[in-house]
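Novice: First the structure, which I've put down as structure tokens, then a few questions once you've had a look.
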Amino acid sequence: MTNAQLNELKQRYVANGAASPATQFADRAENALIWDADGNRIIDFAGGIGVLNIGHRHPKVVQAVKDQLDKVMHTCQTVMPYEGYVKVAEKLSQVTPVRGHAKVMLANSGAEALENAVKVARAATGKNNVICFDGGYHGRTFMTMAMNGKVAPYATDFGSMPGNVFRAPYPVPYHGVSEDEALRGLKMALKTDANPRDTAAIVLEPVLGEGGFYPAPASFLKAIRELCDEHGMLMIIDEVQSGFGRTGKMFAIEHSGVEPDIITMAKSMADGMPISAVVGTDKHMDASGGNSLGGTYTGSPVSCAATLAVLEVFEQEGILEKSQALGDKLAQRFAKWEQDFACVDNARNMGAMAAIDLVADKAHHTPDADLAGALCKKAREKGLILLSCGLYGNTIRFLMPVTIEDEILEEGLAIIEESLQELVGSKSAATA
């Protein structure tokens, strides 16, 4: 079917809240390229929102999935377990930097992982409250909507959210929130709203995802670790978007040296197959009763096969080194853009988790969400998928596969430059 025919079906049958605004439909893909239903070639700088760190259809993952399909597709692991689930648990226990010996439960999505992390924390501590952060994003289920640090579009139309969720500032000096101010706000929340004796966990992303790709300083993460230890709370790190090599390490928290009690992960752990995990210290993970964690499809045999293949690819193909090298290339290009374009500001990256802000006024950091939207639209017209994010909608994030070929990377970056030039005129930072 053509794009036009598929769009007619979408408009007639797909709920508005779930329908993509994009008018092109993916037909096939390979590494950092997609071809749509009309045969148009598109460069992918989104990676399914951070799901494809090792590229579309990595051959080793595709083969592992095909091999698994010849054996077992589903039994429900609580009814009859299978090798893949326990092998994934073993591997994740070995590579995830939580305190002590790690145990694992598998789920289907990042939101499910966060939901279960909260369940584990409540069972382990006997407490209810959860503290999250401004700008954080944890999912679209009711508990995770309550935990998100941004209302629109995730919770706008869905009524009351679950209680016992409290908010603290996230340190983003660029937007006027220093690390000291963020810590003061967190400690104030513990005094005014979330009594530590009733607080099960502090949950945060080590690098904000939807909130704008801002990394938390190592000293801030260490201070949270100390607060959790002081008050008997668990430290839960959400690595759904930042994990599996995006930042140049397997998990972003490793840059700080801090060991949390629980880490959640999903997205790139299976190169596109749906799976997520909660990995935590054994005594916490074992706190709830038998059959209290799980679900019909959690840790599907096919997704487990994909995850094991992904972990092999990381070991065999130097993915972490490639992520760091890609981040270095992006940082160099961003620095040039900041000089060339008055609208490009605040370039930042941790490995290949990279972003720029588009602004109307550099001196005052005035967000320009309209320009960000226009850039994404124009780039799509030129054959490049680009995503915006951030509390102010003016951040352009870069989530291309870390395996992207140099020539494809260059082609995509050139499209951005060409699009910016068309949108804002001649290259000049003179008005900054």
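Quick note on naming: the chains in the structure tokens go A, B, ... in the order shown, residues restart at 1 in each chain, and ligands are numbered from 1 in order of appearance.
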Would you mind writing down, as a PyMOL selection string, each residue of region 246-368 of chain A that DSSP on the backbone assigns to helix (DSSP H, G or I)?
Specialist: chain A and resi 252-255+267-270+282-285+301-317+319-340
Novice: Residues near Ile43 (chain A), anyone? I mean within 7 Å using only C-alpha atoms, not counting same-chain ones fewer than 3 positions away, as a PDB file with C-alpha atoms, in the first residue's frame.
Specialist:
```pdb
ATOM      1  CA  ALA A  32      20.312   4.281  10.221  1.00  0.00           C
ATOM      2  CA  LEU A  33      18.102   4.254   7.124  1.00  0.00           C
ATOM      3  CA  ILE A  34      14.363   3.728   6.568  1.00  0.00           C
ATOM      4  CA  GLY A 383      14.583  13.049   4.243  1.00  0.00           C
ATOM      5  CA  LEU A 384      15.741  13.223   7.882  1.00  0.00           C
ATOM      6  CA  ILE A 385      13.831  12.175  11.012  1.00  0.00           C
ATOM      7  CA  GLY A 412      22.021  14.047   8.046  1.00  0.00           C
TER       8      GLY A 412
END
```
Novice: Once you count only C-alpha atoms, what closest atom pair and distance in Å to one decimal does each residue of region 167-206 of chain A within 10 Å of region 251-275 of chain A have, with rows by chain and rising residue number, as CSV?
Specialist:
```
residue,atom,partner,partner_atom,distance
A:Ala201,CA,A:Asp261,CA,9.5
A:Val203,CA,A:Ile262,CA,9.4
A:Leu204,CA,A:Ile263,CA,10.0
A:Glu205,CA,A:Ile253,CA,8.8
A:Pro206,CA,A:Ile253,CA,5.9
```
Novice: As an exercise, work out the distance from CA of Ala124 (chain A) to CA of Thr298 (chain A) in Å and give it to one decimal place.
Specialist: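 Spanning CA of Ala124 (chain A) to CA of Thr298 (chain A) is a straight-line distance of 21.6 Å.
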Novice: Could you name the residues that touch region 366-381 of chain A at 7 Å or less, counting only C-alpha atoms, but leaving out those on the same chain fewer than 5 positions away, as number ranges by chain?
Specialist: A: 358-361, 386-388, 392-396, 415-416, 419-420
Novice: Write to file, as a short mmCIF file (atom, residue, chain, number, x, y, z; two decimals), in the first residue's frame, the residues of the selection just made, with all heavy atoms.
Specialist:
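Printed below is out.cif as written:
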```cif
data_model
loop_
_atom_site.label_atom_id
_atom_site.label_comp_id
_atom_site.auth_asym_id
_atom_site.auth_seq_id
_atom_site.Cartn_x
_atom_site.Cartn_y
_atom_site.Cartn_z
N LEU A 358 17.34 25.51 20.61
CA LEU A 358 17.05 26.58 19.67
C LEU A 358 16.41 27.73 20.44
O LEU A 358 15.44 27.53 21.18
CB LEU A 358 16.14 26.09 18.55
CG LEU A 358 16.74 24.98 17.67
CD1 LEU A 358 15.78 24.61 16.55
CD2 LEU A 358 18.08 25.40 17.09
N VAL A 359 16.99 28.93 20.26
CA VAL A 359 16.58 30.07 21.08
C VAL A 359 16.32 31.28 20.20
O VAL A 359 16.87 31.42 19.10
CB VAL A 359 17.66 30.42 22.13
CG1 VAL A 359 17.84 29.26 23.11
CG2 VAL A 359 18.99 30.77 21.47
N ALA A 360 15.49 32.17 20.72
CA ALA A 360 15.25 33.45 20.06
C ALA A 360 16.26 34.49 20.50
O ALA A 360 16.50 35.47 19.79
CB ALA A 360 13.82 33.92 20.36
N ASP A 361 16.86 34.27 21.68
CA ASP A 361 17.81 35.23 22.23
C ASP A 361 18.80 34.47 23.12
O ASP A 361 18.44 33.99 24.19
CB ASP A 361 17.05 36.29 23.04
CG ASP A 361 17.96 37.32 23.69
OD1 ASP A 361 19.19 37.25 23.47
OD2 ASP A 361 17.44 38.18 24.41
N LEU A 386 14.02 13.84 12.77
CA LEU A 386 14.62 14.59 13.85
C LEU A 386 13.56 14.80 14.92
O LEU A 386 12.39 14.99 14.60
CB LEU A 386 15.10 15.93 13.31
CG LEU A 386 16.18 16.72 14.05
CD1 LEU A 386 17.46 15.90 14.18
CD2 LEU A 386 16.46 18.03 13.32
N LEU A 387 13.95 14.76 16.19
CA LEU A 387 13.01 14.89 17.29
C LEU A 387 13.35 16.08 18.17
O LEU A 387 14.53 16.35 18.45
CB LEU A 387 13.02 13.64 18.17
CG LEU A 387 12.53 12.33 17.56
CD1 LEU A 387 12.67 11.20 18.60
CD2 LEU A 387 11.09 12.44 17.10
N SER A 388 12.31 16.76 18.65
CA SER A 388 12.48 17.78 19.67
C SER A 388 12.04 17.22 21.02
O SER A 388 11.41 16.16 21.10
CB SER A 388 11.66 19.03 19.32
OG SER A 388 10.28 18.70 19.27
N TYR A 392 10.49 23.09 27.45
CA TYR A 392 10.08 24.26 26.67
C TYR A 392 9.93 23.93 25.18
O TYR A 392 9.67 24.82 24.38
CB TYR A 392 11.09 25.40 26.87
CG TYR A 392 11.25 25.75 28.32
CD1 TYR A 392 12.32 25.25 29.06
CD2 TYR A 392 10.33 26.55 28.98
CE1 TYR A 392 12.47 25.56 30.41
CE2 TYR A 392 10.46 26.86 30.32
CZ TYR A 392 11.53 26.35 31.03
OH TYR A 392 11.66 26.65 32.37
N GLY A 393 10.12 22.66 24.83
CA GLY A 393 9.89 22.22 23.47
C GLY A 393 10.89 22.73 22.45
O GLY A 393 10.66 22.62 21.25
N ASN A 394 12.04 23.25 22.92
CA ASN A 394 13.00 23.86 21.99
C ASN A 394 14.31 23.08 21.88
O ASN A 394 15.27 23.55 21.27
CB ASN A 394 13.31 25.29 22.43
CG ASN A 394 14.11 25.35 23.71
OD1 ASN A 394 13.78 24.67 24.69
ND2 ASN A 394 15.15 26.16 23.74
N THR A 395 14.36 21.89 22.49
CA THR A 395 15.57 21.07 22.43
C THR A 395 15.49 20.13 21.24
O THR A 395 14.46 19.47 21.02
CB THR A 395 15.74 20.27 23.73
OG1 THR A 395 15.96 21.17 24.81
CG2 THR A 395 16.92 19.30 23.64
N ILE A 396 16.57 20.05 20.48
CA ILE A 396 16.70 19.05 19.41
C ILE A 396 17.61 17.96 19.94
O ILE A 396 18.77 18.21 20.30
CB ILE A 396 17.29 19.66 18.13
CG1 ILE A 396 16.41 20.81 17.63
CG2 ILE A 396 17.44 18.59 17.06
CD1 ILE A 396 15.02 20.40 17.20
N ILE A 415 21.84 18.14 6.26
CA ILE A 415 20.42 18.50 6.11
C ILE A 415 19.99 19.48 7.20
O ILE A 415 19.25 20.44 6.94
CB ILE A 415 19.54 17.23 6.14
CG1 ILE A 415 19.72 16.42 4.85
CG2 ILE A 415 18.07 17.58 6.35
CD1 ILE A 415 19.02 15.08 4.85
N ILE A 416 20.47 19.26 8.43
CA ILE A 416 20.13 20.18 9.52
C ILE A 416 20.67 21.57 9.22
O ILE A 416 19.97 22.58 9.38
CB ILE A 416 20.66 19.65 10.86
CG1 ILE A 416 19.95 18.34 11.24
CG2 ILE A 416 20.49 20.68 11.97
CD1 ILE A 416 20.52 17.64 12.45
N SER A 419 18.68 23.17 6.49
CA SER A 419 17.34 23.54 6.97
C SER A 419 17.40 24.78 7.84
O SER A 419 16.56 25.68 7.72
CB SER A 419 16.73 22.37 7.75
OG SER A 419 16.58 21.23 6.94
N LEU A 420 18.38 24.86 8.73
CA LEU A 420 18.52 26.04 9.56
C LEU A 420 18.79 27.28 8.72
O LEU A 420 18.24 28.36 8.98
CB LEU A 420 19.67 25.84 10.58
CG LEU A 420 19.35 25.00 11.81
CD1 LEU A 420 20.61 24.72 12.61
CD2 LEU A 420 18.31 25.69 12.70
#
```
Novice: Using only C-alpha atoms, find each residue of region 179-295 of chain A with at least one atom at most 8 Å away from an atom of region 132-156 of chain A; report its shortest atom-to-atom pair and that distance in Å (one decimal), sort the rows by chain and rising residue number, and return the result as JSON lines.
Specialist:
```
{"residue": "A:Ile202", "atom": "CA", "partner": "A:Cys132", "partner_atom": "CA", "distance": 6.1}
{"residue": "A:Val203", "atom": "CA", "partner": "A:Cys132", "partner_atom": "CA", "distance": 5.2}
{"residue": "A:Leu204", "atom": "CA", "partner": "A:Cys132", "partner_atom": "CA", "distance": 6.0}
{"residue": "A:Glu205", "atom": "CA", "partner": "A:Gly136", "partner_atom": "CA", "distance": 6.8}
{"residue": "A:Leu208", "atom": "CA", "partner": "A:Gly136", "partner_atom": "CA", "distance": 6.1}
{"residue": "A:Gly209", "atom": "CA", "partner": "A:Tyr137", "partner_atom": "CA", "distance": 6.8}
{"residue": "A:Glu210", "atom": "CA", "partner": "A:Tyr137", "partner_atom": "CA", "distance": 6.0}
{"residue": "A:Gly211", "atom": "CA", "partner": "A:Gly135", "partner_atom": "CA", "distance": 4.4}
{"residue": "A:Gly212", "atom": "CA", "partner": "A:Gly135", "partner_atom": "CA", "distance": 7.8}
{"residue": "A:Asp238", "atom": "CA", "partner": "A:His138", "partner_atom": "CA", "distance": 7.5}
```
Novice: Using only C-alpha atoms, can you tell me which of A:Cys304, A:Ile42, A:Met353, A:Ala89 comes closest to Asp67 (chain A)?
Specialist: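 When distances to Asp67 (chain A) are compared using only C-alpha atoms, the smallest one comes from A:Cys304.
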Novice: Using only C-alpha atoms, which residues sit within 10 Å of Met350 (chain A) once same-chain residues fewer than 3 positions away are excluded, as a PyMOL selection string?
Specialist: chain A and resi 207+213-215+242+246-249+252+255+323-324+327-328+331+353-355
Novice: List the neighbours of Lys91 (chain A) out to 10 Å using only C-alpha atoms; skip same-chain residues closer than 6 positions along the sequence, and give me the result as number ranges by chain.
Specialist: A: 104, 307-308, 311
Novice: Restrict the selected residues to all heavy atoms and save them as a CSV table (one decimal), in the first residue's frame.
Specialist:
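Listed below is the output, again_10.csv:
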```csv
chain,number,residue,atom,x,y,z
A,104,VAL,N,16.8,-9.8,39.1
A,104,VAL,CA,16.2,-9.2,38.0
A,104,VAL,C,14.7,-9.7,37.8
A,104,VAL,O,14.4,-10.9,38.1
A,104,VAL,CB,17.0,-9.6,36.7
A,104,VAL,CG1,16.3,-9.0,35.4
A,104,VAL,CG2,18.4,-9.1,36.8
A,307,THR,N,17.7,-9.7,23.4
A,307,THR,CA,18.5,-9.1,24.4
A,307,THR,C,19.8,-9.7,24.5
A,307,THR,O,20.9,-9.1,24.6
A,307,THR,CB,17.8,-9.1,25.7
A,307,THR,OG1,16.5,-8.4,25.6
A,307,THR,CG2,18.6,-8.4,26.8
A,308,LEU,N,19.9,-11.1,24.5
A,308,LEU,CA,21.1,-11.8,24.6
A,308,LEU,C,22.0,-11.5,23.4
A,308,LEU,O,23.2,-11.3,23.5
A,308,LEU,CB,20.9,-13.3,24.7
A,308,LEU,CG,20.2,-13.7,26.1
A,308,LEU,CD1,19.8,-15.2,26.0
A,308,LEU,CD2,21.2,-13.5,27.2
A,311,LEU,N,23.5,-8.0,23.8
A,311,LEU,CA,24.7,-8.0,24.8
A,311,LEU,C,25.9,-8.6,24.1
A,311,LEU,O,27.0,-8.1,24.4
A,311,LEU,CB,24.3,-8.8,26.0
A,311,LEU,CG,23.2,-8.1,26.9
A,311,LEU,CD1,22.7,-9.0,28.0
A,311,LEU,CD2,23.8,-6.8,27.6
```
Novice: A:His175, A:His365, A:Arg122, A:Lys329: which is nearest Asp345 (chain A), counting only C-alpha atoms?
Specialist: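 Looking only at the distances to Asp345 (chain A), the closest residue turns out to be A:His365.
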Novice: Find the residues around Asp193 (chain A) up to 12 Å (only C-alpha atoms counted), leave out those fewer than 4 positions away in its own chain, and share them as number ranges by chain.
Specialist: A: 129-131, 163-168, 185-189, 197-199
Novice: Mind giving me the straight-line distance from CA of Asp36 (chain A) to CA of Cys389 (chain A) in Å, one decimal?
Specialist: 24.2 Å
Novice: Any chance you could list, as an NGL selection string, the residues in region 194-370 of chain A that come up strand (DSSP E or B) when DSSP is run on the backbone?
Specialist: :A and (199-204 or 207 or 215 or 234-238 or 262-265 or 276-281 or 341 or 344-350 or 353-361 or 366-367)
Novice: Give the answer as one residue: which of A:Gln5, A:Thr403, A:Ser288, A:Thr281 has the shortest atom-to-atom distance to Gly318 (chain A), using only C-alpha atoms?
Specialist: A:Thr403
Novice: Record the distance separating CA of Thr23 (chain A) and CA of Ala352 (chain A), expressed in Å with one decimal.
Specialist: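 That distance, rounded to one decimal, is 28.1 Å.
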Novice: Residues at most 12 Å from Ala123 (chain A), counting only C-alpha atoms, excluding those fewer than 6 positions away in the same chain, as a PDB file with N, CA and C atoms, in the first residue's frame?
Specialist:
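result31.pdb, freshly written:
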```
ATOM      1  N   ASN A 116       6.959  -1.410  38.422  1.00  0.00           N
ATOM      2  CA  ASN A 116       7.428  -2.522  39.256  1.00  0.00           C
ATOM      3  C   ASN A 116       8.547  -2.103  40.191  1.00  0.00           C
ATOM      4  N   ALA A 117       9.370  -1.152  39.782  1.00  0.00           N
ATOM      5  CA  ALA A 117      10.398  -0.644  40.679  1.00  0.00           C
ATOM      6  C   ALA A 117       9.778   0.002  41.906  1.00  0.00           C
ATOM      7  N   ASN A 129       5.627   6.765  49.945  1.00  0.00           N
ATOM      8  CA  ASN A 129       5.927   7.942  49.145  1.00  0.00           C
ATOM      9  C   ASN A 129       7.032   7.703  48.123  1.00  0.00           C
ATOM     10  N   THR A 199       8.716   7.640  53.117  1.00  0.00           N
ATOM     11  CA  THR A 199       9.162   7.721  51.725  1.00  0.00           C
ATOM     12  C   THR A 199       9.968   6.498  51.338  1.00  0.00           C
ATOM     13  N   ALA A 200       9.475   5.787  50.336  1.00  0.00           N
ATOM     14  CA  ALA A 200      10.111   4.537  49.909  1.00  0.00           C
ATOM     15  C   ALA A 200      11.317   4.774  49.029  1.00  0.00           C
ATOM     16  N   ALA A 201      11.239   5.774  48.122  1.00  0.00           N
ATOM     17  CA  ALA A 201      12.299   5.890  47.125  1.00  0.00           C
ATOM     18  C   ALA A 201      12.383   7.291  46.543  1.00  0.00           C
ATOM     19  N   MET A 233      15.747   5.153  52.492  1.00  0.00           N
ATOM     20  CA  MET A 233      14.996   5.185  51.235  1.00  0.00           C
ATOM     21  C   MET A 233      15.826   4.494  50.146  1.00  0.00           C
ATOM     22  N   LEU A 234      15.163   4.016  49.111  1.00  0.00           N
ATOM     23  CA  LEU A 234      15.884   3.409  48.000  1.00  0.00           C
ATOM     24  C   LEU A 234      16.141   4.450  46.916  1.00  0.00           C
ATOM     25  N   LYS A 283      18.162  -8.362  48.173  1.00  0.00           N
ATOM     26  CA  LYS A 283      17.258  -8.322  49.321  1.00  0.00           C
ATOM     27  C   LYS A 283      16.036  -7.453  49.042  1.00  0.00           C
ATOM     28  N   HIS A 284      16.198  -6.432  48.209  1.00  0.00           N
ATOM     29  CA  HIS A 284      15.057  -5.599  47.839  1.00  0.00           C
ATOM     30  C   HIS A 284      14.175  -6.311  46.812  1.00  0.00           C
ATOM     31  N   MET A 285      14.803  -6.902  45.814  1.00  0.00           N
ATOM     32  CA  MET A 285      14.047  -7.577  44.766  1.00  0.00           C
ATOM     33  C   MET A 285      13.261  -8.771  45.304  1.00  0.00           C
ATOM     34  N   ASP A 286      13.733  -9.366  46.378  1.00  0.00           N
ATOM     35  CA  ASP A 286      13.067 -10.541  46.959  1.00  0.00           C
ATOM     36  C   ASP A 286      12.061 -10.177  48.055  1.00  0.00           C
ATOM     37  N   ALA A 287      11.782  -8.891  48.232  1.00  0.00           N
ATOM     38  CA  ALA A 287      10.960  -8.463  49.369  1.00  0.00           C
ATOM     39  C   ALA A 287       9.496  -8.817  49.217  1.00  0.00           C
ATOM     40  N   SER A 288       8.990  -8.879  47.994  1.00  0.00           N
ATOM     41  CA  SER A 288       7.558  -9.168  47.814  1.00  0.00           C
ATOM     42  C   SER A 288       7.345 -10.665  47.644  1.00  0.00           C
ATOM     43  N   GLY A 289       6.109 -11.090  47.820  1.00  0.00           N
ATOM     44  CA  GLY A 289       5.788 -12.512  47.837  1.00  0.00           C
ATOM     45  C   GLY A 289       5.803 -13.170  46.469  1.00  0.00           C
ATOM     46  N   SER A 292       4.156 -12.098  42.818  1.00  0.00           N
ATOM     47  CA  SER A 292       3.760 -10.693  42.992  1.00  0.00           C
ATOM     48  C   SER A 292       4.293  -9.798  41.876  1.00  0.00           C
ATOM     49  N   LEU A 293       5.244 -10.286  41.113  1.00  0.00           N
ATOM     50  CA  LEU A 293       5.838  -9.530  40.018  1.00  0.00           C
ATOM     51  C   LEU A 293       5.723 -10.346  38.734  1.00  0.00           C
TER      52      LEU A 293
END
```
